[in-house]
$ cat my_file_12.txt   # compact mmCIF, C-alpha atoms
# COMPACT_ATOMS: atom_id res chain seq x y z
CA MET A 283 -204.39 25.82 103.43
CA THR A 284 -201.74 23.33 104.46
CA THR A 285 -202.18 19.72 103.55
CA ARG A 286 -201.05 17.09 105.99
CA PHE A 287 -201.08 13.36 106.11
CA ASP A 288 -203.49 11.89 108.61
CA GLU A 289 -202.26 9.91 111.61
CA ARG A 290 -202.86 6.49 110.01
CA GLN A 291 -200.85 7.54 106.96
CA ILE A 292 -198.03 8.88 109.16
CA GLN A 293 -198.00 5.62 111.11
CA LEU A 294 -197.71 3.64 107.87
CA GLN A 295 -194.96 5.95 106.62
CA HIS A 296 -193.04 5.50 109.87
CA ARG A 297 -193.32 1.77 109.29
CA GLY A 298 -192.39 2.00 105.60
CA TYR A 299 -189.22 4.10 105.79
CA PRO A 300 -187.31 1.82 108.20
CA TRP A 301 -188.34 -1.23 106.15
CA ALA A 302 -187.15 0.45 102.97
CA LEU A 303 -183.85 1.38 104.63
CA ALA A 304 -183.49 -2.19 105.91
CA GLY A 305 -184.27 -3.45 102.39
CA LEU A 306 -181.70 -1.11 100.88
CA ILE A 307 -179.01 -2.16 103.33
CA GLY A 308 -180.00 -5.84 102.93
CA LEU A 309 -179.83 -5.68 99.13
CA GLN A 310 -176.49 -3.88 99.17
CA LEU A 311 -174.97 -6.21 101.75
CA GLY A 312 -176.38 -9.22 99.87
CA ALA A 313 -174.89 -7.99 96.61
CA LEU A 314 -171.54 -7.28 98.27
CA HIS A 315 -171.44 -10.68 99.97
CA ALA A 316 -172.39 -12.48 96.76
CA GLU A 317 -168.74 -11.95 95.89
CA LEU A 318 -167.85 -14.64 98.46
CA VAL A 319 -169.92 -17.20 96.53
CA LEU A 320 -169.25 -16.02 92.99
CA GLY A 321 -165.60 -15.21 93.44
CA HIS A 322 -166.07 -11.81 91.81
CA PRO A 323 -168.31 -8.76 92.44
CA LEU A 324 -171.97 -9.23 91.44
CA PHE A 325 -172.24 -5.72 90.03
CA ALA A 326 -169.80 -4.50 87.40
CA SER A 327 -169.65 -1.05 89.06
CA GLN A 328 -170.40 0.56 92.41
CA LEU A 329 -172.67 3.05 90.64
CA GLY A 330 -174.73 0.16 89.24
CA LEU A 331 -175.06 -1.40 92.69
CA ILE A 332 -176.19 1.87 94.28
CA SER A 333 -178.57 2.94 91.51
CA VAL A 334 -180.26 -0.48 91.11
CA THR A 335 -180.79 -0.98 94.85
CA LEU A 336 -181.99 2.61 95.29
CA ALA A 337 -184.43 2.29 92.37
CA LEU A 338 -185.81 -1.01 93.64
CA THR A 339 -186.28 0.07 97.26
CA GLY A 340 -187.61 3.50 96.24
CA GLY A 341 -190.12 1.93 93.86
CA GLY A 342 -191.06 -0.63 96.49
CA LEU A 343 -191.61 2.07 99.10
CA ILE A 344 -193.86 4.16 96.83
CA THR A 345 -195.81 1.01 95.90
CA TYR A 346 -196.30 0.20 99.60
CA PHE A 347 -197.54 3.74 100.32
CA LEU A 348 -199.91 3.57 97.34
CA LEU A 349 -201.22 0.16 98.43
CA THR A 350 -201.97 1.47 101.93
CA ASP A 351 -203.36 4.83 100.70
CA ALA A 352 -200.55 6.67 102.47
CA TYR A 353 -198.93 8.32 99.44
CA LEU A 354 -201.31 11.25 98.89
CA THR A 355 -202.59 13.59 101.61
CA PRO A 356 -206.34 13.47 102.37
CA THR A 357 -207.03 16.59 100.30
CA ASN A 358 -205.02 15.25 97.36
CA GLN A 359 -206.60 11.78 97.21
CA GLY A 360 -208.48 12.84 94.08
CA LEU A 361 -205.13 13.15 92.29
CA LEU A 362 -204.62 9.39 92.22
CA PRO A 363 -205.78 8.92 88.58
CA VAL A 364 -203.54 11.81 87.49
CA LEU A 365 -200.63 10.28 89.38
CA ALA A 366 -201.32 6.94 87.69
CA LEU A 367 -201.38 8.65 84.28
CA VAL A 368 -198.09 10.46 84.92
CA LEU A 369 -196.45 7.27 86.21
CA TRP A 370 -197.62 5.39 83.09
CA ALA A 371 -196.23 8.17 80.89
CA LEU A 372 -192.87 7.96 82.69
CA THR A 373 -192.90 4.15 82.37
CA GLY A 374 -193.69 4.49 78.67
CA LEU A 375 -190.86 6.97 78.19
CA GLN A 376 -188.42 4.71 80.00
CA ILE A 377 -189.48 1.69 77.89
CA HIS A 378 -189.29 3.83 74.74
CA GLN A 379 -185.75 4.81 75.68
CA LEU A 380 -184.84 1.16 76.31
CA VAL A 381 -186.27 0.08 72.95
CA THR A 382 -184.57 2.87 70.97
CA SER A 383 -181.24 2.31 72.75
CA THR A 384 -181.47 -1.42 71.99
CA ALA A 385 -182.28 -0.69 68.34
CA ARG A 386 -179.29 1.65 68.08
CA GLY A 387 -177.06 -0.78 69.94
CA THR A 388 -176.20 1.86 72.55
CA LEU A 389 -177.87 0.20 75.53
CA ASP A 390 -175.44 -0.92 78.20
CA PRO A 391 -175.61 -4.71 78.67
CA LEU A 392 -177.74 -6.11 81.50
CA TRP A 393 -175.40 -9.03 82.12
CA VAL A 394 -171.74 -8.99 81.18
CA HIS A 395 -168.99 -11.51 82.05
CA GLY A 396 -171.08 -13.00 84.88
CA GLN A 397 -171.80 -9.58 86.38
CA ILE A 398 -174.81 -7.26 86.46
CA GLY A 399 -173.94 -4.51 84.00
CA ALA A 400 -174.78 -0.80 83.84
CA GLY A 401 -177.88 -1.58 81.73
CA ALA A 402 -179.57 -3.01 84.84
CA THR A 403 -180.27 0.52 86.09
CA ALA A 404 -182.56 1.23 83.12
CA TRP A 405 -184.53 -1.99 83.75
CA ALA A 406 -184.69 -1.30 87.50
CA LEU A 407 -186.13 2.15 86.71
CA VAL A 408 -188.86 0.55 84.57
CA LEU A 409 -189.78 -1.57 87.60
CA ALA A 410 -189.47 1.36 90.01
CA VAL A 411 -191.95 3.45 88.02
CA GLY A 412 -194.06 0.68 86.44
CA LEU A 413 -194.98 -1.05 89.69
CA PRO A 414 -196.31 2.15 91.33
CA ALA A 415 -198.13 2.95 88.04
CA LEU A 416 -199.84 -0.43 88.12
CA THR A 417 -200.70 -0.04 91.82
CA ALA A 418 -202.03 3.51 91.42
CA THR A 419 -204.21 2.38 88.50
CA GLY A 420 -205.58 -0.58 90.48
CA LYS A 421 -206.33 1.69 93.43
CA ALA A 422 -207.99 4.31 91.22
CA ILE A 423 -210.19 1.61 89.68
CA ALA A 424 -211.06 0.21 93.11
CA ASN A 425 -211.88 3.71 94.46
CA GLY A 426 -213.95 4.55 91.42
CA THR A 427 -211.90 7.72 90.83
CA LEU A 428 -210.61 6.70 87.42
CA SER A 429 -213.71 8.27 85.83
CA SER A 430 -212.34 11.71 86.79
CA LEU A 431 -210.02 11.38 83.78
CA ARG A 432 -212.93 11.47 81.33
CA PRO A 433 -212.49 13.86 78.38
CA THR A 434 -213.88 17.34 78.99
CA PRO A 435 -214.05 20.23 76.50
CA ARG A 436 -211.07 21.91 78.19
CA ARG A 437 -208.95 18.75 78.11
CA LEU A 438 -209.85 18.11 74.48
CA ALA A 439 -208.93 21.73 73.64
CA ILE A 440 -205.53 21.32 75.37
CA LEU A 441 -204.92 18.05 73.55
CA ILE A 442 -205.91 19.43 70.15
CA GLY A 443 -203.77 22.54 70.73
CA TRP A 444 -200.82 20.38 71.76
CA VAL A 445 -201.11 18.06 68.74
CA GLY A 446 -201.40 21.15 66.52
CA LEU A 447 -198.24 22.62 68.06
CA LEU A 448 -196.43 19.31 67.53
CA ALA A 449 -197.56 19.17 63.89
CA LEU A 450 -196.42 22.78 63.37
CA THR A 451 -193.02 22.04 64.95
CA LEU A 452 -192.51 18.96 62.77
CA TRP A 453 -193.59 20.91 59.67
CA VAL A 454 -191.19 23.79 60.39
CA ARG A 455 -188.36 21.39 61.20
CA ALA A 456 -188.94 19.39 58.01
CA GLY A 457 -187.92 22.48 56.01
CA ARG A 458 -184.68 23.01 57.94
CA ALA A 459 -181.69 20.97 56.84
CA ASP A 460 -179.60 21.88 59.91
CA VAL A 461 -181.92 20.15 62.42
CA HIS A 462 -180.96 16.55 63.00
CA THR A 463 -183.10 15.56 65.99
CA SER A 464 -185.24 12.54 65.15
CA VAL A 465 -189.02 12.79 64.88
CA GLY A 466 -189.29 10.26 67.72
CA THR A 467 -187.33 12.54 70.05
CA THR A 468 -189.50 15.53 69.14
CA VAL A 469 -192.68 13.55 69.85
CA THR A 470 -191.19 12.30 73.15
CA ASN A 471 -190.26 15.85 74.17
CA PHE A 472 -193.78 17.06 73.44
CA LEU A 473 -195.16 14.21 75.54
CA MET A 474 -192.85 15.23 78.39
CA MET A 475 -193.94 18.83 78.06
CA LEU A 476 -197.58 17.70 78.32
CA LEU A 477 -197.02 16.00 81.70
CA PRO A 478 -197.06 19.18 83.83
CA LEU A 479 -200.24 20.30 82.08
CA ILE A 480 -201.86 16.98 83.03
CA ILE A 481 -200.78 17.56 86.64
CA VAL A 482 -202.14 21.12 86.63
CA ASP A 483 -205.42 19.89 85.18
CA GLY A 484 -205.86 17.41 88.03
CA THR A 485 -204.51 19.56 90.84
CA VAL A 486 -206.92 20.72 93.50
CA ARG A 487 -207.75 24.42 93.54
CA HIS A 488 -205.51 25.62 96.40
CA HIS A 489 -202.44 24.14 94.71
CA ARG A 490 -203.25 25.28 91.22
CA ARG A 491 -201.18 28.48 91.17
CA LEU A 492 -197.98 26.75 92.31
CA ALA A 493 -198.55 23.77 90.00
CA LEU A 494 -199.22 26.12 87.08
CA ALA A 495 -195.98 28.02 87.78
CA ILE A 496 -194.01 24.77 87.90
CA ALA A 497 -195.75 23.50 84.75
CA LEU A 498 -194.97 26.68 82.83
CA ALA A 499 -191.34 26.67 83.97
CA TRP A 500 -191.02 23.02 82.97
CA ALA A 501 -192.69 23.59 79.61
CA ALA A 502 -190.52 26.66 78.99
CA LEU A 503 -187.33 24.74 79.76
CA LEU A 504 -188.24 21.80 77.55
CA GLY A 505 -189.54 24.14 74.86
CA TYR A 506 -186.23 26.02 74.89
CA LEU A 507 -184.24 22.78 74.69
CA GLN A 508 -186.54 21.43 71.98
CA LEU A 509 -186.51 24.49 69.73
CA PHE A 510 -183.03 25.92 70.22
CA HIS A 511 -180.82 22.89 70.93
CA MET B 64 -213.23 -5.45 116.61
CA LYS B 65 -215.68 -3.64 114.33
CA ASN B 66 -216.87 -0.23 115.47
CA THR B 67 -220.57 -0.56 114.68
CA LYS B 68 -221.44 2.39 116.94
CA MET B 69 -219.43 4.78 114.82
CA ARG B 70 -220.90 3.40 111.63
CA ALA B 71 -224.42 3.81 113.07
CA ALA B 72 -223.70 7.37 114.22
CA ARG B 73 -222.40 8.24 110.78
CA ALA B 74 -225.51 6.74 109.16
CA GLU B 75 -227.62 8.74 111.64
CA HIS B 76 -226.11 11.93 110.24
CA ASP B 77 -226.58 10.62 106.71
CA LEU B 78 -222.86 10.92 106.00
CA THR B 79 -220.72 8.75 103.75
CA GLN B 80 -217.25 7.70 104.86
CA ALA B 81 -215.81 10.18 102.38
CA GLU B 82 -217.94 13.05 103.72
CA LEU B 83 -217.00 12.35 107.33
CA ALA B 84 -213.35 12.01 106.33
CA ASP B 85 -213.53 15.34 104.55
CA ARG B 86 -214.99 17.04 107.64
CA ILE B 87 -212.24 15.86 109.96
CA GLY B 88 -209.34 16.01 107.52
CA VAL B 89 -208.46 12.34 107.11
CA THR B 90 -208.70 9.90 104.22
CA ARG B 91 -211.82 7.85 103.52
CA GLN B 92 -209.66 4.77 104.01
CA THR B 93 -208.82 5.87 107.57
CA ILE B 94 -212.52 6.10 108.46
CA GLY B 95 -213.07 2.70 106.84
CA ALA B 96 -210.16 1.20 108.79
CA ILE B 97 -211.50 2.57 112.11
CA GLU B 98 -215.00 1.23 111.41
CA LYS B 99 -213.61 -2.17 110.44
CA GLY B 100 -211.46 -2.25 113.56
CA ASP B 101 -208.25 -2.39 111.53
CA TYR B 102 -206.90 0.86 112.98
CA ASN B 103 -206.94 2.24 116.53
CA PRO B 104 -207.21 6.03 116.33
CA THR B 105 -205.47 8.37 118.78
CA ILE B 106 -207.54 10.22 121.34
CA GLN B 107 -207.25 13.43 119.26
CA LEU B 108 -208.80 11.77 116.23
CA CYS B 109 -211.47 10.12 118.40
CA LEU B 110 -212.42 13.57 119.72
CA ARG B 111 -212.60 15.02 116.20
CA ILE B 112 -214.87 12.17 115.11
CA CYS B 113 -217.05 12.64 118.21
CA LYS B 114 -217.38 16.38 117.56
CA ALA B 115 -218.24 15.81 113.91
CA LEU B 116 -220.94 13.28 114.84
CA ASN B 117 -222.20 15.11 117.98
CA LYS B 118 -221.43 12.13 120.20
CA THR B 119 -219.32 11.50 123.29
CA LEU B 120 -216.27 9.26 123.48
CA ASP B 121 -218.35 6.76 125.47
CA ASP B 122 -221.04 6.74 122.78
CA LEU B 123 -218.64 5.78 120.02
CA PHE B 124 -215.58 4.14 121.51
CA TRP B 125 -216.52 2.52 124.82
CA GLU B 126 -217.00 -1.21 124.49
CA ASP B 127 -220.08 -2.61 126.25
$ encode --input "my_file_12.txt" --output "structure tokens"
Amino acid sequence: MTTRFDERQIQLQHRGYPWALAGLIGLQLGALHAELVLGHPLFASQLGLISVTLALTGGGLITYFLLTDAYLTPTNQGLLPVLALVLWALTGLQIHQLVTSTARGTLDPLWVHGQIGAGATAWALVLAVGLPALTATGKAIANGTLSSLRPTPRRLAILIGWVGLLALTLWVRAGRADVHTSVGTTVTNFLMMLLPLIIVDGTVRHHRRLALAIALAWAALLGYLQLFH
Amino acid sequence: MKNTKMRAARAEHDLTQAELADRIGVTRQTIGAIEKGDYNPTIQLCLRICKALNKTLDDLFWED
């Protein structure tokens, strides 16, 4: 069964994409022309300019689609709480990375010598994922679909199994002097490996096989990186 | 302008917005927007709604 957006959603998407493109061009032109006022480029690097503007317009576009219920196809509307959960997890991971980088002193500065530094990309990503997460959660609450995330025996079993696997990994690693990855990184990796399972759990039946294949591939890749690198 | 005829026809069939949306392959929000008059559907969607509710285009979409 193919899933398609309905005509109202397509109409909203056709409205959203040109606005996002206009926003992207506007932001980039604005940033480039700020040089005329400031006397020097606003962004310290071209990469920073491109990544920050892309993150902001991309996040804005997804937020607009979520606000107008045009992000998920009619048959996938029930996935909204799962999407919100995944977006919150990604926001959490991004914030975690920001906090740990700040603590280690490895985070690129946000503002340096009167210019927006490379660190701005990390903050723009928090906005780009956090704003859709907030919107998806608000929509799920308004639609009354948030209750679909309630704990079920299967979900509890997955969670208990996952926590057990994490505990076993940490226990095995504790006895090996040649492993230097921090506990925080291991926990983060396990959280990332859990994301596809969350998606599979919430995926509608006709997508389950594909989602399961992607989830297993993702888990296998991260598992390989976690255990052997 | 609100489409009260469509809302009445839906109630006649004892269908929720979500159930009607499911039958014709659109989102519940699209049905809500049509009933509230916030969205003008294409003729194809009008026909699908009419078929699902056993009504004619005049019954549901012709303004008196």
$ atom_distance --input "my_file_12.txt" --atom1 "atom CA of Asn66 of chain B" --atom2 "atom CA of Glu126 of chain B"
9.1 Å
$ residues_around --input "my_file_12.txt" --residues "segment 83-100 of chain B" --least-positions-apart "3" --cutoff "6 Å" --atoms "all atoms listed in the file" --output "list of chain:residue names"
A:Asp288, A:Pro356, B:Met64, B:Lys65, B:Asn66, B:Gln80
$ atom_distance --input "my_file_12.txt" --atom1 "atom CA of Ile398 of chain A" --atom2 "atom CA of Ala415 of chain A"
25.5 Å
$ residues_around --input "my_file_12.txt" --residues "Ala422 of chain A" --least-positions-apart "6" --cutoff "10 Å" --atoms "only C-alpha atoms" --output "list in words"
Gln359, Gly360, Leu361, Leu362, Pro363, Val364, Leu365, Ala366, Leu416, Leu428, Ser429 and Ser430 of chain A
$ interface_residues --input "my_file_12.txt" --of "chain A" --to "chain B" --cutoff "10 Å" --atoms "all atoms listed in the file" --output "PyMOL selection string"
chain A and resi 285-291+350-352+354-359+425
$ atom_distance --input "my_file_12.txt" --atom1 "atom CA of His322 of chain A" --atom2 "atom CA of Ala337 of chain A"
23.2 Å
$ residues_around --input "my_file_12.txt" --residues "segment 303-310 of chain A" --least-positions-apart "6" --cutoff "12 Å" --atoms "all atoms listed in the file" --output "list in words"
His296, Arg297, Ala316, Glu317, Pro323, Leu324, Phe325, Gln328, Leu329, Gly330, Leu331, Ile332, Ser333, Val334, Thr335, Leu336, Ala337, Leu338, Thr339, Gly340, Gly341, Gly342 and Leu343 of chain A
$ closest_residue --input "my_file_12.txt" --among "A:Ala302, A:Leu409, A:Val465, A:Val394" --to "Thr451 of chain A" --atoms "all atoms listed in the file"
A:Val465
$ closest_residue --input "my_file_12.txt" --among "B:Leu120, B:Leu110, B:Ala115, B:Asp101" --to "His76 of chain B" --atoms "all atoms listed in the file"
B:Ala115
$ residues_around --input "my_file_12.txt" --residues "Phe124 of chain B" --least-positions-apart "6" --cutoff "9 Å" --atoms "only C-alpha atoms" --output "list in words"
Asn66, Lys68, Met69 and Cys109 of chain B
$ closest_residue --input "my_file_12.txt" --among "A:Arg386, A:Thr345, A:Leu314, A:Leu441" --to "Leu413 of chain A" --atoms "only C-alpha atoms"
A:Thr345
$ residues_around --input "my_file_12.txt" --residues "Leu380 of chain A" --least-positions-apart "3" --cutoff "12 Å" --atoms "all atoms listed in the file" --output "VMD selection string"
chain A and resid 373 to 377 383 to 392 401 to 408
$ decode --input "my_file_12.txt" --residues "segment 361-373 of chain A" --atoms "all heavy atoms" --output "mmCIF file, in the first residue's frame"
data_model
loop_
_atom_site.group_PDB
_atom_site.id
_atom_site.type_symbol
_atom_site.label_atom_id
_atom_site.label_comp_id
_atom_site.auth_asym_id
_atom_site.auth_seq_id
_atom_site.Cartn_x
_atom_site.Cartn_y
_atom_site.Cartn_z
ATOM 1 N N LEU A 361 1.829 8.251 14.018
ATOM 2 C CA LEU A 361 3.248 8.227 14.383
ATOM 3 C C LEU A 361 3.715 9.515 15.053
ATOM 4 O O LEU A 361 4.874 9.599 15.459
ATOM 5 C CB LEU A 361 4.107 8.004 13.136
ATOM 6 C CG LEU A 361 4.234 6.591 12.613
ATOM 7 C CD1 LEU A 361 5.058 6.576 11.342
ATOM 8 C CD2 LEU A 361 4.890 5.692 13.651
ATOM 9 N N LEU A 362 2.818 10.493 15.155
ATOM 10 C CA LEU A 362 3.225 11.801 15.686
ATOM 11 C C LEU A 362 3.884 11.716 17.070
ATOM 12 O O LEU A 362 4.945 12.330 17.275
ATOM 13 C CB LEU A 362 2.014 12.746 15.708
ATOM 14 C CG LEU A 362 2.328 14.211 15.969
ATOM 15 C CD1 LEU A 362 3.208 14.795 14.871
ATOM 16 C CD2 LEU A 362 1.041 15.030 16.075
ATOM 17 N N PRO A 363 3.315 10.959 18.036
ATOM 18 C CA PRO A 363 3.986 10.868 19.342
ATOM 19 C C PRO A 363 5.372 10.241 19.249
ATOM 20 O O PRO A 363 6.287 10.655 19.951
ATOM 21 C CB PRO A 363 3.051 9.987 20.173
ATOM 22 C CG PRO A 363 1.762 9.978 19.463
ATOM 23 C CD PRO A 363 2.058 10.191 18.019
ATOM 24 N N VAL A 364 5.522 9.247 18.358
ATOM 25 C CA VAL A 364 6.830 8.599 18.179
ATOM 26 C C VAL A 364 7.814 9.603 17.589
ATOM 27 O O VAL A 364 8.970 9.703 18.026
ATOM 28 C CB VAL A 364 6.703 7.363 17.254
ATOM 29 C CG1 VAL A 364 8.050 6.720 17.030
ATOM 30 C CG2 VAL A 364 5.732 6.368 17.838
ATOM 31 N N LEU A 365 7.328 10.365 16.620
ATOM 32 C CA LEU A 365 8.176 11.399 16.004
ATOM 33 C C LEU A 365 8.616 12.403 17.065
ATOM 34 O O LEU A 365 9.792 12.789 17.118
ATOM 35 C CB LEU A 365 7.396 12.103 14.891
ATOM 36 C CG LEU A 365 8.122 13.231 14.174
ATOM 37 C CD1 LEU A 365 9.259 12.690 13.316
ATOM 38 C CD2 LEU A 365 7.170 14.037 13.301
ATOM 39 N N ALA A 366 7.663 12.803 17.918
ATOM 40 C CA ALA A 366 7.991 13.765 18.983
ATOM 41 C C ALA A 366 9.068 13.187 19.901
ATOM 42 O O ALA A 366 10.036 13.876 20.255
ATOM 43 C CB ALA A 366 6.733 14.102 19.775
ATOM 44 N N LEU A 367 8.903 11.901 20.242
ATOM 45 C CA LEU A 367 9.859 11.241 21.138
ATOM 46 C C LEU A 367 11.255 11.199 20.515
ATOM 47 O O LEU A 367 12.260 11.501 21.176
ATOM 48 C CB LEU A 367 9.368 9.817 21.432
ATOM 49 C CG LEU A 367 9.990 9.101 22.610
ATOM 50 C CD1 LEU A 367 9.630 9.794 23.915
ATOM 51 C CD2 LEU A 367 9.536 7.649 22.650
ATOM 52 N N VAL A 368 11.310 10.842 19.235
ATOM 53 C CA VAL A 368 12.598 10.759 18.533
ATOM 54 C C VAL A 368 13.240 12.148 18.445
ATOM 55 O O VAL A 368 14.450 12.311 18.680
ATOM 56 C CB VAL A 368 12.409 10.134 17.130
ATOM 57 C CG1 VAL A 368 13.675 10.247 16.299
ATOM 58 C CG2 VAL A 368 12.004 8.677 17.248
ATOM 59 N N LEU A 369 12.410 13.154 18.126
ATOM 60 C CA LEU A 369 12.944 14.523 18.031
ATOM 61 C C LEU A 369 13.466 15.003 19.379
ATOM 62 O O LEU A 369 14.507 15.668 19.449
ATOM 63 C CB LEU A 369 11.862 15.479 17.508
ATOM 64 C CG LEU A 369 11.527 15.350 16.018
ATOM 65 C CD1 LEU A 369 10.279 16.155 15.675
ATOM 66 C CD2 LEU A 369 12.699 15.804 15.159
ATOM 67 N N TRP A 370 12.754 14.646 20.478
ATOM 68 C CA TRP A 370 13.248 15.016 21.813
ATOM 69 C C TRP A 370 14.569 14.313 22.119
ATOM 70 O O TRP A 370 15.468 14.898 22.722
ATOM 71 C CB TRP A 370 12.212 14.685 22.892
ATOM 72 C CG TRP A 370 11.160 15.739 23.038
ATOM 73 C CD1 TRP A 370 9.814 15.583 22.904
ATOM 74 C CD2 TRP A 370 11.358 17.141 23.344
ATOM 75 N NE1 TRP A 370 9.167 16.788 23.083
ATOM 76 C CE2 TRP A 370 10.081 17.755 23.362
ATOM 77 C CE3 TRP A 370 12.477 17.926 23.576
ATOM 78 C CZ2 TRP A 370 9.897 19.115 23.611
ATOM 79 C CZ3 TRP A 370 12.299 19.281 23.831
ATOM 80 C CH2 TRP A 370 11.031 19.858 23.846
ATOM 81 N N ALA A 371 14.656 13.037 21.716
ATOM 82 C CA ALA A 371 15.902 12.288 21.954
ATOM 83 C C ALA A 371 17.061 12.940 21.206
ATOM 84 O O ALA A 371 18.162 13.103 21.751
ATOM 85 C CB ALA A 371 15.721 10.839 21.515
ATOM 86 N N LEU A 372 16.803 13.348 19.953
ATOM 87 C CA LEU A 372 17.854 13.998 19.159
ATOM 88 C C LEU A 372 18.224 15.353 19.767
ATOM 89 O O LEU A 372 19.410 15.715 19.810
ATOM 90 C CB LEU A 372 17.385 14.183 17.710
ATOM 91 C CG LEU A 372 17.239 12.898 16.886
ATOM 92 C CD1 LEU A 372 16.619 13.188 15.530
ATOM 93 C CD2 LEU A 372 18.591 12.216 16.697
ATOM 94 N N THR A 373 17.209 16.086 20.254
ATOM 95 C CA THR A 373 17.488 17.368 20.909
ATOM 96 C C THR A 373 18.341 17.146 22.153
ATOM 97 O O THR A 373 19.309 17.872 22.397
ATOM 98 C CB THR A 373 16.164 18.071 21.302
ATOM 99 O OG1 THR A 373 15.306 18.098 20.173
ATOM 100 C CG2 THR A 373 16.401 19.493 21.779
#
